[in-house]
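Novice: File structure01.txt follows (compact mmCIF, C-alpha atoms):
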# COMPACT_ATOMS: atom_id res chain seq x y z
CA MET A 1 5.56 -32.20 -0.12
CA LYS A 2 3.94 -32.55 3.30
CA LEU A 3 4.01 -29.11 4.91
CA LEU A 4 2.99 -28.07 8.41
CA LEU A 5 2.11 -24.38 8.66
CA TYR A 6 1.88 -23.21 12.28
CA SER A 7 0.29 -19.89 13.18
CA HIS A 8 -0.52 -19.11 16.80
CA SER A 9 -3.48 -17.02 15.60
CA PHE A 10 -5.60 -17.94 12.60
CA ALA A 11 -9.13 -17.50 11.21
CA PRO A 12 -11.66 -16.64 12.49
CA ASN A 13 -9.35 -14.12 14.19
CA VAL A 14 -8.71 -11.01 12.10
CA GLY A 15 -5.37 -9.24 11.70
CA GLY A 16 -2.35 -8.81 9.47
CA VAL A 17 -0.67 -12.13 10.31
CA GLU A 18 -3.96 -14.00 10.07
CA THR A 19 -4.65 -12.46 6.67
CA MET A 20 -1.24 -13.38 5.30
CA VAL A 21 -1.28 -16.95 6.65
CA TRP A 22 -4.77 -17.47 5.23
CA SER A 23 -3.75 -16.11 1.83
CA LEU A 24 -0.56 -18.20 1.73
CA ALA A 25 -2.34 -21.39 2.81
CA ARG A 26 -5.03 -20.95 0.16
CA GLY A 27 -2.41 -20.22 -2.48
CA LEU A 28 -0.29 -23.26 -1.62
CA ALA A 29 -3.34 -25.54 -1.54
CA ASP A 30 -4.33 -24.39 -5.04
CA LEU A 31 -0.99 -25.31 -6.63
CA ARG A 32 -1.01 -28.37 -8.87
CA THR A 33 1.57 -30.59 -10.55
CA ILE A 34 1.57 -31.16 -14.30
CA ASP A 35 -0.65 -34.22 -13.76
CA ASN A 36 -3.08 -32.10 -11.68
CA ARG A 37 -2.17 -33.47 -8.25
CA PRO A 38 -1.80 -31.08 -5.28
CA ARG A 39 1.80 -29.93 -4.90
CA PHE A 40 1.38 -29.66 -1.13
CA ASP A 41 -0.25 -31.85 1.46
CA LEU A 42 -0.88 -28.91 3.78
CA THR A 43 -1.90 -28.84 7.44
CA VAL A 44 -2.39 -25.64 9.41
CA ALA A 45 -1.97 -25.86 13.19
CA THR A 46 -3.16 -23.03 15.42
CA GLU A 47 -4.08 -22.15 18.99
CA THR A 48 -7.20 -20.30 17.80
CA PRO A 49 -10.49 -22.11 18.57
CA ALA A 50 -12.92 -22.64 15.71
CA ALA A 51 -15.86 -20.74 17.27
CA ASP A 52 -18.47 -20.68 14.47
CA PHE A 53 -15.91 -21.02 11.66
CA ASP A 54 -16.89 -23.69 9.11
CA PRO A 55 -13.77 -25.54 7.84
CA ARG A 56 -15.56 -27.77 5.32
CA SER A 57 -14.83 -25.53 2.35
CA LEU A 58 -11.08 -25.34 3.03
CA PRO A 59 -8.70 -27.20 0.70
CA PHE A 60 -6.36 -27.99 3.62
CA SER A 61 -6.61 -29.46 7.11
CA VAL A 62 -6.76 -27.26 10.22
CA VAL A 63 -5.78 -28.66 13.63
CA ARG A 64 -6.86 -26.33 16.42
CA GLN A 65 -5.36 -26.13 19.90
CA PRO A 66 -3.27 -29.31 19.54
CA SER A 67 -1.80 -30.78 22.70
CA PRO A 68 2.02 -30.99 22.83
CA GLY A 69 1.73 -34.68 21.94
CA ALA A 70 -0.54 -33.99 18.98
CA LEU A 71 1.73 -31.22 17.79
CA TRP A 72 4.71 -33.57 18.02
CA ARG A 73 2.93 -36.12 15.85
CA LEU A 74 2.13 -33.44 13.27
CA VAL A 75 5.77 -32.37 13.20
CA GLU A 76 7.04 -35.94 12.89
CA ALA A 77 4.72 -36.65 9.95
CA THR A 78 5.73 -33.64 7.84
CA ASP A 79 8.58 -32.90 5.43
CA ALA A 80 8.99 -29.25 6.50
CA VAL A 81 7.64 -26.85 9.10
CA HIS A 82 6.75 -23.24 8.40
CA LEU A 83 6.22 -21.08 11.49
CA ALA A 84 4.40 -17.76 11.24
CA GLY A 85 6.58 -16.28 13.97
CA PRO A 86 9.13 -17.95 16.29
CA ALA A 87 6.60 -19.74 18.53
CA LEU A 88 8.76 -21.56 21.06
CA LEU A 89 7.06 -24.96 21.43
CA PRO A 90 6.65 -25.82 17.72
CA LEU A 91 10.09 -24.36 17.04
CA PHE A 92 11.61 -26.64 19.69
CA LEU A 93 9.66 -29.72 18.53
CA ALA A 94 10.66 -29.20 14.90
CA TRP A 95 14.32 -28.81 15.94
CA LEU A 96 14.07 -31.94 18.10
CA ALA A 97 12.56 -33.90 15.19
CA ARG A 98 15.33 -32.59 12.87
CA LYS A 99 12.79 -31.19 10.44
CA PRO A 100 13.68 -28.33 8.07
CA ILE A 101 12.25 -25.15 9.60
CA ALA A 102 11.28 -21.90 7.89
CA VAL A 103 10.47 -19.12 10.35
CA GLU A 104 8.57 -16.16 8.92
CA HIS A 105 9.11 -13.03 10.99
CA HIS A 106 5.99 -10.85 10.95
CA GLY A 107 7.26 -9.09 14.09
CA TYR A 108 10.36 -8.78 16.25
CA GLN A 109 9.63 -11.64 18.70
CA SER A 110 13.02 -13.29 18.15
CA VAL A 111 14.89 -10.21 19.46
CA CYS A 112 12.34 -8.36 21.59
CA LEU A 113 10.27 -9.50 24.55
CA ASN A 114 7.17 -7.53 23.52
CA GLY A 115 7.72 -8.18 19.82
CA LEU A 116 7.32 -4.51 18.88
CA LEU A 117 10.76 -3.04 19.63
CA ILE A 118 8.99 -0.38 21.68
CA HIS A 119 10.61 0.36 25.04
CA GLN A 120 8.23 0.94 27.91
CA PRO A 121 7.11 2.94 29.76
CA ASP A 122 8.24 5.87 27.59
CA GLY A 123 7.16 4.28 24.29
CA SER A 124 10.50 5.00 22.60
CA ILE A 125 11.94 2.90 19.78
CA CYS A 126 14.16 0.19 21.26
CA PRO A 127 17.71 0.32 19.88
CA GLY A 128 18.04 -3.45 20.36
CA TYR A 129 18.71 -4.03 24.05
CA PHE A 130 18.37 -7.83 23.88
CA GLN A 131 20.79 -8.10 20.98
CA SER A 132 23.30 -5.87 22.78
CA ARG A 133 22.88 -8.00 25.96
CA ARG A 134 21.45 -5.19 28.04
CA TYR A 135 18.97 -7.57 29.59
CA SER A 136 18.09 -5.39 32.56
CA LYS A 137 16.56 -2.91 30.09
CA CYS A 138 14.39 -5.71 28.68
CA VAL A 139 13.14 -6.73 32.12
CA ARG A 140 12.35 -3.14 33.09
CA CYS A 141 10.44 -2.70 29.84
CA GLN A 142 8.34 -5.80 30.53
CA ALA A 143 7.86 -4.88 34.19
CA ALA A 144 6.10 -1.70 33.07
CA GLU A 145 3.26 -3.92 31.81
CA MET A 146 3.37 -7.01 34.07
CA PRO A 147 4.70 -8.30 37.41
CA TRP A 148 8.48 -8.59 37.79
CA PRO A 149 8.53 -12.43 38.09
CA ARG A 150 6.70 -12.80 34.79
CA ALA A 151 9.05 -10.26 33.18
CA PHE A 152 12.03 -12.40 34.24
CA VAL A 153 10.39 -15.56 32.87
CA ASN A 154 9.80 -13.84 29.54
CA LEU A 155 13.46 -12.87 29.40
CA LEU A 156 14.54 -16.46 30.09
CA LEU A 157 12.27 -17.75 27.31
CA MET A 158 13.88 -15.34 24.85
CA PHE A 159 17.20 -17.19 24.91
CA PRO A 160 15.96 -20.52 23.46
CA ARG A 161 13.64 -18.67 21.05
CA HIS A 162 16.48 -16.59 19.68
CA ALA A 163 18.89 -19.54 19.57
CA LEU A 164 16.43 -21.78 17.72
CA ALA A 165 15.66 -19.02 15.20
CA ARG A 166 19.37 -18.77 14.51
CA VAL A 167 19.61 -22.47 13.63
CA ALA A 168 16.45 -22.53 11.46
CA ALA A 169 17.01 -23.66 7.89
CA CYS A 170 15.48 -20.42 6.63
CA ASN A 171 14.42 -17.12 8.20
CA ILE A 172 11.91 -15.22 6.11
CA ALA A 173 11.72 -11.48 6.78
CA VAL A 174 8.68 -9.59 5.52
CA SER A 175 10.80 -6.54 4.65
CA ARG A 176 14.45 -5.63 4.29
CA HIS A 177 14.04 -3.51 7.40
CA VAL A 178 13.06 -6.60 9.42
CA LEU A 179 15.92 -8.60 7.93
CA GLU A 180 18.44 -5.97 9.04
CA ARG A 181 16.85 -5.48 12.47
CA LEU A 182 16.82 -9.20 13.29
CA ALA A 183 20.24 -9.98 11.78
CA LEU A 184 19.55 -13.73 11.71
CA PRO A 185 21.50 -16.25 9.61
CA LYS A 186 20.05 -17.81 6.44
CA SER A 187 17.64 -14.92 5.96
CA ARG A 188 15.76 -13.77 2.89
CA VAL A 189 13.11 -11.14 2.22
CA VAL A 190 9.67 -12.17 0.97
CA TYR A 191 7.28 -9.25 0.79
CA HIS A 192 3.63 -9.76 1.60
CA GLY A 193 1.40 -10.29 -1.40
CA VAL A 194 -2.07 -8.81 -1.79
CA GLU A 195 -4.83 -9.47 -4.27
CA THR A 196 -4.88 -7.31 -7.38
CA VAL A 197 -8.22 -5.54 -7.25
CA ASP A 198 -10.04 -3.11 -9.49
CA ALA A 199 -8.95 0.39 -8.59
CA PRO A 200 -11.32 3.05 -9.94
CA THR A 201 -9.67 6.46 -9.78
CA PHE A 202 -11.20 9.86 -9.27
CA SER A 203 -11.48 12.19 -12.24
CA VAL A 204 -9.93 15.64 -12.12
CA ALA A 205 -13.41 17.16 -12.25
CA GLU A 206 -14.50 15.22 -9.15
CA ILE A 207 -11.78 16.62 -6.92
CA SER A 208 -10.84 19.97 -8.47
CA SER A 209 -13.19 22.28 -6.59
CA PRO A 210 -11.94 23.61 -3.21
CA GLN A 211 -15.59 23.52 -2.08
CA ASP A 212 -15.66 19.72 -2.47
CA LYS A 213 -14.60 17.87 0.67
CA LEU A 214 -11.61 15.60 0.40
CA CYS A 215 -11.81 12.48 2.52
CA PHE A 216 -8.80 11.18 4.45
CA ALA A 217 -8.94 7.82 6.21
CA TYR A 218 -6.96 5.58 8.53
CA VAL A 219 -7.47 1.82 8.09
CA GLY A 220 -6.35 -0.62 10.79
CA ARG A 221 -6.41 -1.43 14.48
CA LEU A 222 -7.04 1.39 16.94
CA VAL A 223 -3.96 0.99 19.15
CA PRO A 224 -1.49 3.55 20.54
CA GLU A 225 1.50 2.51 18.43
CA LYS A 226 -0.41 3.44 15.24
CA GLY A 227 -0.13 7.16 16.07
CA LEU A 228 -3.83 8.01 15.92
CA LEU A 229 -3.61 10.72 18.57
CA VAL A 230 -1.02 12.41 16.34
CA LEU A 231 -3.46 12.14 13.43
CA LEU A 232 -6.22 13.77 15.47
CA GLU A 233 -3.85 16.56 16.48
CA ALA A 234 -2.91 17.12 12.83
CA ALA A 235 -6.60 17.18 11.86
CA GLY A 236 -7.26 19.73 14.60
CA ILE A 237 -4.50 22.02 13.30
CA LEU A 238 -5.70 21.64 9.71
CA ARG A 239 -9.30 22.32 10.68
CA ARG A 240 -8.36 25.83 11.83
CA GLU A 241 -7.50 26.60 8.21
CA PRO A 242 -10.22 27.19 5.58
CA HIS A 243 -10.17 23.68 4.09
CA GLN A 244 -13.03 21.31 3.38
CA PHE A 245 -12.12 17.77 4.48
CA GLU A 246 -13.27 14.84 6.57
CA LEU A 247 -11.42 12.04 8.30
CA LEU A 248 -12.57 8.44 8.80
CA LEU A 249 -10.98 6.07 11.30
CA ILE A 250 -11.84 2.66 9.86
CA GLY A 251 -11.20 -0.06 12.39
CA ASP A 252 -11.59 -1.00 16.02
CA GLY A 253 -9.39 -1.72 19.00
CA PRO A 254 -8.61 -0.94 22.64
CA GLN A 255 -7.95 2.76 21.97
CA ARG A 256 -11.37 3.46 20.47
CA ALA A 257 -12.94 4.97 23.61
CA GLN A 258 -9.96 7.26 24.19
CA LEU A 259 -10.01 8.43 20.57
CA GLN A 260 -13.75 9.10 20.69
CA ALA A 261 -13.28 11.15 23.86
CA VAL A 262 -10.53 13.22 22.24
CA ILE A 263 -12.73 13.81 19.18
CA GLU A 264 -15.52 15.13 21.40
CA GLN A 265 -13.25 17.21 23.65
CA THR A 266 -11.45 18.92 20.76
CA GLY A 267 -14.55 19.75 18.74
CA LEU A 268 -13.68 17.40 15.89
CA ALA A 269 -16.97 15.49 15.89
CA GLU A 270 -18.16 17.18 12.67
CA THR A 271 -14.89 16.33 10.90
CA VAL A 272 -13.78 12.94 12.28
CA ARG A 273 -15.81 9.74 12.47
CA ILE A 274 -14.91 6.27 13.75
CA THR A 275 -16.66 3.66 11.61
CA GLY A 276 -15.69 0.56 13.58
CA PHE A 277 -14.37 -2.61 11.96
CA LEU A 278 -15.44 -3.03 8.33
CA GLN A 279 -14.76 -5.77 5.82
CA GLY A 280 -15.96 -7.02 2.46
CA PRO A 281 -18.55 -4.85 0.67
CA ARG A 282 -18.89 -2.43 3.61
CA LEU A 283 -15.15 -1.72 3.58
CA ALA A 284 -15.13 -1.32 -0.20
CA GLU A 285 -18.07 1.09 0.03
CA ALA A 286 -16.33 3.22 2.67
CA LEU A 287 -13.04 3.30 0.75
CA ALA A 288 -14.76 4.27 -2.50
CA ARG A 289 -15.11 7.83 -1.22
CA VAL A 290 -11.64 8.04 0.38
CA HIS A 291 -9.10 10.21 -1.45
CA ALA A 292 -6.03 9.61 0.74
CA VAL A 293 -5.14 7.01 3.36
CA VAL A 294 -3.07 8.10 6.37
CA MET A 295 -0.78 5.64 8.23
CA PRO A 296 0.82 7.71 11.06
CA SER A 297 2.61 4.87 12.90
CA LEU A 298 4.93 5.56 15.81
CA TRP A 299 6.56 2.12 15.85
CA GLU A 300 8.74 0.39 13.30
CA GLU A 301 6.05 -1.34 11.27
CA THR A 302 7.46 -4.58 9.95
CA ALA A 303 5.83 -4.27 6.53
CA GLY A 304 2.71 -2.11 6.49
CA LEU A 305 0.16 -4.57 5.09
CA ALA A 306 -2.64 -1.99 5.20
CA ALA A 307 -0.46 0.40 3.20
CA MET A 308 0.17 -2.33 0.58
CA GLU A 309 -3.55 -2.97 0.27
CA GLN A 310 -4.34 0.71 -0.18
CA LEU A 311 -1.53 1.18 -2.71
CA MET A 312 -3.00 -1.73 -4.67
CA ARG A 313 -6.37 0.02 -4.55
CA GLY A 314 -4.79 3.09 -6.13
CA LYS A 315 -5.12 5.26 -3.03
CA LEU A 316 -2.72 8.07 -2.26
CA VAL A 317 -0.92 7.00 0.93
CA ILE A 318 0.49 9.37 3.58
CA ALA A 319 2.75 7.42 5.92
CA SER A 320 5.27 7.80 8.70
CA LYS A 321 8.86 7.69 7.59
CA ILE A 322 9.72 4.68 9.73
CA GLY A 323 10.53 0.95 9.52
CA GLY A 324 8.92 -1.30 6.96
CA LEU A 325 6.21 1.27 6.33
CA LEU A 326 8.79 3.60 4.74
CA GLU A 327 10.05 0.66 2.67
CA THR A 328 6.53 -0.20 1.51
CA VAL A 329 5.50 3.29 0.40
CA GLY A 330 8.87 4.42 -0.96
CA ASP A 331 8.51 7.35 -3.35
CA ALA A 332 4.94 6.42 -4.30
CA GLY A 333 3.32 8.41 -1.49
CA LEU A 334 3.87 11.27 0.95
CA LEU A 335 6.06 10.73 4.01
CA CYS A 336 6.11 12.50 7.37
CA GLU A 337 8.18 12.32 10.53
CA PRO A 338 6.64 9.87 13.04
CA GLY A 339 5.00 11.54 16.01
CA ASN A 340 5.15 15.01 14.40
CA ALA A 341 1.61 16.37 14.03
CA GLU A 342 2.81 19.51 12.24
CA ASP A 343 4.64 17.47 9.60
CA LEU A 344 1.67 15.16 9.14
CA MET A 345 -0.59 18.20 8.79
CA ARG A 346 1.81 19.55 6.15
CA CYS A 347 1.33 16.40 4.04
CA MET A 348 -2.45 16.54 4.38
CA ARG A 349 -2.48 20.24 3.50
CA GLU A 350 -0.29 19.53 0.47
CA VAL A 351 -2.97 17.18 -0.85
CA LEU A 352 -5.68 19.77 -0.23
CA HIS A 353 -3.67 22.41 -2.12
CA ASP A 354 -2.75 20.11 -5.01
CA ARG A 355 -5.66 17.75 -5.51
CA ALA A 356 -4.27 16.32 -8.74
CA MET A 357 -1.81 14.54 -6.45
CA VAL A 358 -4.64 12.17 -5.48
CA ILE A 359 -4.69 10.79 -9.02
CA ALA A 360 -0.97 10.98 -9.84
CA LEU A 361 0.34 9.36 -6.65
CA GLY A 362 -2.55 6.91 -6.58
CA LEU A 363 -1.51 5.56 -9.98
CA LYS A 364 2.15 5.51 -8.99
CA GLY A 365 1.33 3.62 -5.80
CA ARG A 366 -0.70 1.04 -7.68
CA ASP A 367 2.17 0.43 -10.10
CA ARG A 368 4.50 -0.05 -7.13
CA ALA A 369 2.12 -2.49 -5.45
CA LYS A 370 1.68 -4.56 -8.61
CA SER A 371 5.45 -4.71 -9.02
CA LEU A 372 6.46 -5.56 -5.43
CA PHE A 373 3.41 -6.89 -3.55
CA ASP A 374 1.77 -9.29 -5.96
CA ARG A 375 0.21 -12.34 -4.28
CA GLU A 376 1.39 -14.88 -6.87
CA ARG A 377 4.96 -13.65 -6.43
CA MET A 378 4.66 -14.13 -2.66
CA ILE A 379 3.46 -17.72 -3.05
CA ASP A 380 6.18 -18.57 -5.60
CA GLU A 381 8.91 -17.22 -3.33
CA HIS A 382 7.64 -19.30 -0.40
CA VAL A 383 7.65 -22.41 -2.61
CA ALA A 384 11.25 -21.66 -3.58
CA ALA A 385 12.19 -21.40 0.10
CA TYR A 386 10.56 -24.78 0.90
CA GLN A 387 12.31 -26.43 -2.03
CA GLN A 388 15.64 -25.12 -0.84
CA ILE A 389 15.32 -26.29 2.77
CA VAL A 390 13.92 -29.72 1.86
CA GLY A 391 16.41 -30.20 -0.96
CA HIS A 392 14.05 -31.22 -3.77
CA ASP A 393 11.29 -29.89 -5.99
CA THR A 394 7.69 -30.12 -4.87
Would you write the structure of this file as structure tokens?
Specialist:
Amino acid sequence: MKLLLYSHSFAPNVGGVETMVWSLARGLADLRTIDNRPRFDLTVATETPAADFDPRSLPFSVVRQPSPGALWRLVEATDAVHLAGPALLPLFLAWLARKPIAVEHHGYQSVCLNGLLIHQPDGSICPGYFQSRRYSKCVRCQAAEMPWPRAFVNLLLMFPRHALARVAACNIAVSRHVLERLALPKSRVVYHGVETVDAPTFSVAEISSPQDKLCFAYVGRLVPEKGLLVLLEAAGILRREPHQFELLLIGDGPQRAQLQAVIEQTGLAETVRITGFLQGPRLAEALARVHAVVMPSLWEETAGLAAMEQLMRGKLVIASKIGGLLETVGDAGLLCEPGNAEDLMRCMREVLHDRAMVIALGLKGRDRAKSLFDRERMIDEHVAAYQQIVGHDT
């Protein structure tokens, strides 16, 4: 099968969508028929420039920043189009060429102008103003971040995007929460899949002494919707109690300077440290000493990829009880009310009081991840979706 996989952002950019598209593309390219031929003739199209990325080792083609004409030719030459998000131009071209389209919804772009379902300027969870046709609310939300004319243009572009997503041959939601929020026809849930990695656990002896510091960590982008100011507030409350702990913020992003200033102003510099962006061996080294990972999101996470990865690593996960993050963690971690520093502090204190929880919930989380978020399962379910929309086996 000739498959065009379009992702607006792709390697060398780093992020959740980029990670999943990369993993899926590599998995599809590795599939073979019984006579050892590739099952997919795969092309990835993206708006991301190559920079210093070397494509020679990739088992698939990458077309970067294609012109509309070049993108049209790619669409015409393929059997099916998979879009990592409802990008309007490739969605329209695939519809015009009458190609089977699978749209994978990593966010809420088909029903929300900012794609986050966060209403500005107050930062509240949007109840679904576009879907309920309260378009003035959408424009006011956008106008809090950009000029009014641009906000109106963004609203106008939402109508064809939403309409084309509704007529796609398949809409793939990355969680049941996303499926229900989008309410699009011909939808199915395909959870993200992550690599199964070795997950060494702590022994009881290593964590039993109250004098030994427990290490909490956040892993991800440093942006307001992730609730990191709430995490710092919870750490400040907990620090006033006689507990030995430290907190790492592993990642980078536009909120880093603000977070560092808060750490200094509140006297948390001896307890909290921002590591910056880590990957590969450096990330593994930092996580080796982490006892519990905290995901205090304020927005309705679509899936919680970072939580899946940490569950697979056997880490105890403390997460906000919201959106796809709640669905990911389930009963295999500790849950707190989003935006509630006292409740988050309660979960962290519970771990400090009952350190055996680090081992017990870590093992339970790993079992959950292996059951629900296995990479091979993710690839197989995408193949099944392609076979259905094209109407034959690959």
Novice: For the point (12.7, -13.2, 18.9) in file coordinates, what residues are within 12 Å, counting only C-alpha atoms? Give the answer as a PDB file with C-alpha atoms, in the coordinates of the input?
Specialist:
ATOM      1  CA  GLY A  85       6.580 -16.280  13.970  1.00  0.00           C
ATOM      2  CA  PRO A  86       9.130 -17.950  16.290  1.00  0.00           C
ATOM      3  CA  ALA A  87       6.600 -19.740  18.530  1.00  0.00           C
ATOM      4  CA  LEU A  88       8.760 -21.560  21.060  1.00  0.00           C
ATOM      5  CA  LEU A  91      10.090 -24.360  17.040  1.00  0.00           C
ATOM      6  CA  VAL A 103      10.470 -19.120  10.350  1.00  0.00           C
ATOM      7  CA  GLU A 104       8.570 -16.160   8.920  1.00  0.00           C
ATOM      8  CA  HIS A 105       9.110 -13.030  10.990  1.00  0.00           C
ATOM      9  CA  HIS A 106       5.990 -10.850  10.950  1.00  0.00           C
ATOM     10  CA  GLY A 107       7.260  -9.090  14.090  1.00  0.00           C
ATOM     11  CA  TYR A 108      10.360  -8.780  16.250  1.00  0.00           C
ATOM     12  CA  GLN A 109       9.630 -11.640  18.700  1.00  0.00           C
ATOM     13  CA  SER A 110      13.020 -13.290  18.150  1.00  0.00           C
ATOM     14  CA  VAL A 111      14.890 -10.210  19.460  1.00  0.00           C
ATOM     15  CA  CYS A 112      12.340  -8.360  21.590  1.00  0.00           C
ATOM     16  CA  LEU A 113      10.270  -9.500  24.550  1.00  0.00           C
ATOM     17  CA  ASN A 114       7.170  -7.530  23.520  1.00  0.00           C
ATOM     18  CA  GLY A 115       7.720  -8.180  19.820  1.00  0.00           C
ATOM     19  CA  LEU A 116       7.320  -4.510  18.880  1.00  0.00           C
ATOM     20  CA  LEU A 117      10.760  -3.040  19.630  1.00  0.00           C
ATOM     21  CA  GLY A 128      18.040  -3.450  20.360  1.00  0.00           C
ATOM     22  CA  PHE A 130      18.370  -7.830  23.880  1.00  0.00           C
ATOM     23  CA  GLN A 131      20.790  -8.100  20.980  1.00  0.00           C
ATOM     24  CA  ASN A 154       9.800 -13.840  29.540  1.00  0.00           C
ATOM     25  CA  LEU A 155      13.460 -12.870  29.400  1.00  0.00           C
ATOM     26  CA  LEU A 156      14.540 -16.460  30.090  1.00  0.00           C
ATOM     27  CA  LEU A 157      12.270 -17.750  27.310  1.00  0.00           C
ATOM     28  CA  MET A 158      13.880 -15.340  24.850  1.00  0.00           C
ATOM     29  CA  PHE A 159      17.200 -17.190  24.910  1.00  0.00           C
ATOM     30  CA  PRO A 160      15.960 -20.520  23.460  1.00  0.00           C
ATOM     31  CA  ARG A 161      13.640 -18.670  21.050  1.00  0.00           C
ATOM     32  CA  HIS A 162      16.480 -16.590  19.680  1.00  0.00           C
ATOM     33  CA  ALA A 163      18.890 -19.540  19.570  1.00  0.00           C
ATOM     34  CA  LEU A 164      16.430 -21.780  17.720  1.00  0.00           C
ATOM     35  CA  ALA A 165      15.660 -19.020  15.200  1.00  0.00           C
ATOM     36  CA  ARG A 166      19.370 -18.770  14.510  1.00  0.00           C
ATOM     37  CA  ASN A 171      14.420 -17.120   8.200  1.00  0.00           C
ATOM     38  CA  VAL A 178      13.060  -6.600   9.420  1.00  0.00           C
ATOM     39  CA  ARG A 181      16.850  -5.480  12.470  1.00  0.00           C
ATOM     40  CA  LEU A 182      16.820  -9.200  13.290  1.00  0.00           C
ATOM     41  CA  ALA A 183      20.240  -9.980  11.780  1.00  0.00           C
ATOM     42  CA  LEU A 184      19.550 -13.730  11.710  1.00  0.00           C
TER      43      LEU A 184
END
Novice: Work out how far CA of Lys137 in chain A is from CA of Ser297 in chain A, in Å to one decimal.
Specialist: 23.5 Å
Novice: Name all residues at most 9 Å from Pro38 in chain A (count only C-alpha atoms; drop same-chain ones fewer than 4 positions away) and give them as a ChimeraX atom specification.
Specialist: /A:28-33
Novice: Might you pull out every residue within 12 Å of range 248-259 of chain A, with all atoms listed in the file counted and same-chain residues fewer than 2 positions away left off, and present them as a compact mmCIF listing (two decimals) with C-alpha atoms, in the frame of the given file?
Specialist:
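Okay, result.txt is ready:
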# COMPACT_ATOMS: atom_id res chain seq x y z
CA VAL A 14 -8.71 -11.01 12.10
CA GLY A 15 -5.37 -9.24 11.70
CA LEU A 214 -11.61 15.60 0.40
CA CYS A 215 -11.81 12.48 2.52
CA PHE A 216 -8.80 11.18 4.45
CA ALA A 217 -8.94 7.82 6.21
CA TYR A 218 -6.96 5.58 8.53
CA VAL A 219 -7.47 1.82 8.09
CA GLY A 220 -6.35 -0.62 10.79
CA ARG A 221 -6.41 -1.43 14.48
CA LEU A 222 -7.04 1.39 16.94
CA VAL A 223 -3.96 0.99 19.15
CA PRO A 224 -1.49 3.55 20.54
CA GLU A 225 1.50 2.51 18.43
CA LYS A 226 -0.41 3.44 15.24
CA GLY A 227 -0.13 7.16 16.07
CA LEU A 228 -3.83 8.01 15.92
CA LEU A 229 -3.61 10.72 18.57
CA VAL A 230 -1.02 12.41 16.34
CA LEU A 231 -3.46 12.14 13.43
CA LEU A 232 -6.22 13.77 15.47
CA GLU A 233 -3.85 16.56 16.48
CA ALA A 235 -6.60 17.18 11.86
CA PHE A 245 -12.12 17.77 4.48
CA GLU A 246 -13.27 14.84 6.57
CA ALA A 261 -13.28 11.15 23.86
CA VAL A 262 -10.53 13.22 22.24
CA ILE A 263 -12.73 13.81 19.18
CA GLU A 264 -15.52 15.13 21.40
CA GLN A 265 -13.25 17.21 23.65
CA THR A 266 -11.45 18.92 20.76
CA LEU A 268 -13.68 17.40 15.89
CA ALA A 269 -16.97 15.49 15.89
CA GLU A 270 -18.16 17.18 12.67
CA THR A 271 -14.89 16.33 10.90
CA VAL A 272 -13.78 12.94 12.28
CA ARG A 273 -15.81 9.74 12.47
CA ILE A 274 -14.91 6.27 13.75
CA THR A 275 -16.66 3.66 11.61
CA GLY A 276 -15.69 0.56 13.58
CA PHE A 277 -14.37 -2.61 11.96
CA LEU A 278 -15.44 -3.03 8.33
CA GLN A 279 -14.76 -5.77 5.82
CA ARG A 282 -18.89 -2.43 3.61
CA LEU A 283 -15.15 -1.72 3.58
CA ALA A 284 -15.13 -1.32 -0.20
CA GLU A 285 -18.07 1.09 0.03
CA ALA A 286 -16.33 3.22 2.67
CA LEU A 287 -13.04 3.30 0.75
CA ARG A 289 -15.11 7.83 -1.22
CA VAL A 290 -11.64 8.04 0.38
CA HIS A 291 -9.10 10.21 -1.45
CA ALA A 292 -6.03 9.61 0.74
CA VAL A 293 -5.14 7.01 3.36
CA VAL A 294 -3.07 8.10 6.37
CA MET A 295 -0.78 5.64 8.23
CA PRO A 296 0.82 7.71 11.06
CA ALA A 306 -2.64 -1.99 5.20
Novice: Report as JSON lines the residues of range 3-85 of chain A within 9 Å of range 381-388 of chain A, each with its shortest atom pair and distance in Å (one decimal), using only C-alpha atoms, ordered by chain and increasing residue number.
Specialist:
{"residue": "A:Leu3", "atom": "CA", "partner": "A:Tyr386", "partner_atom": "CA", "distance": 8.8}
{"residue": "A:Leu24", "atom": "CA", "partner": "A:His382", "partner_atom": "CA", "distance": 8.5}
{"residue": "A:Leu28", "atom": "CA", "partner": "A:Val383", "partner_atom": "CA", "distance": 8.0}
{"residue": "A:Ala80", "atom": "CA", "partner": "A:Tyr386", "partner_atom": "CA", "distance": 7.3}
{"residue": "A:Val81", "atom": "CA", "partner": "A:Tyr386", "partner_atom": "CA", "distance": 8.9}
{"residue": "A:His82", "atom": "CA", "partner": "A:Tyr386", "partner_atom": "CA", "distance": 8.6}
Novice: I want to know what sits within 12 Å of Glu241 in chain A, based on all atoms listed in the file, with residues of the same chain fewer than 3 positions away left out; could you give that as a list in words?
Specialist: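 Once the nearby chain positions are removed, what remains is Ala234, Ala235, Gly236, Ile237, Leu238, Gln244, Phe245, Met345, Arg346, Met348, Arg349, Leu352 and His353 of chain A.
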Novice: Could you tell me how far CA of Gly27 in chain A lies from CA of Val197 in chain A, in Å and to one decimal?
Specialist: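 According to the coordinates, CA of Gly27 in chain A and CA of Val197 in chain A are separated by 16.5 Å.
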Novice: Would you kindly return, as a ChimeraX atom specification, each protein, DNA or RNA residue with an atom no farther than 10 Å from any atom of Gln120 in chain A, considering only C-alpha atoms and excluding same-chain residues fewer than 3 positions away?
Specialist: /A:114,117,123-126,137-138,140-145
Novice: To one decimal in Å, tell me the separation between CA of Ala369 in chain A and CA of Ala11 in chain A.
Specialist: 25.1 Å
Novice: Closest to Gly391 in chain A among A:Ala169, A:Val358, A:Ala151, A:Val62, using only C-alpha atoms?
Specialist: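 Going through A:Ala169, A:Val358, A:Ala151, A:Val62 one by one, the smallest distance to Gly391 in chain A is for A:Ala169.
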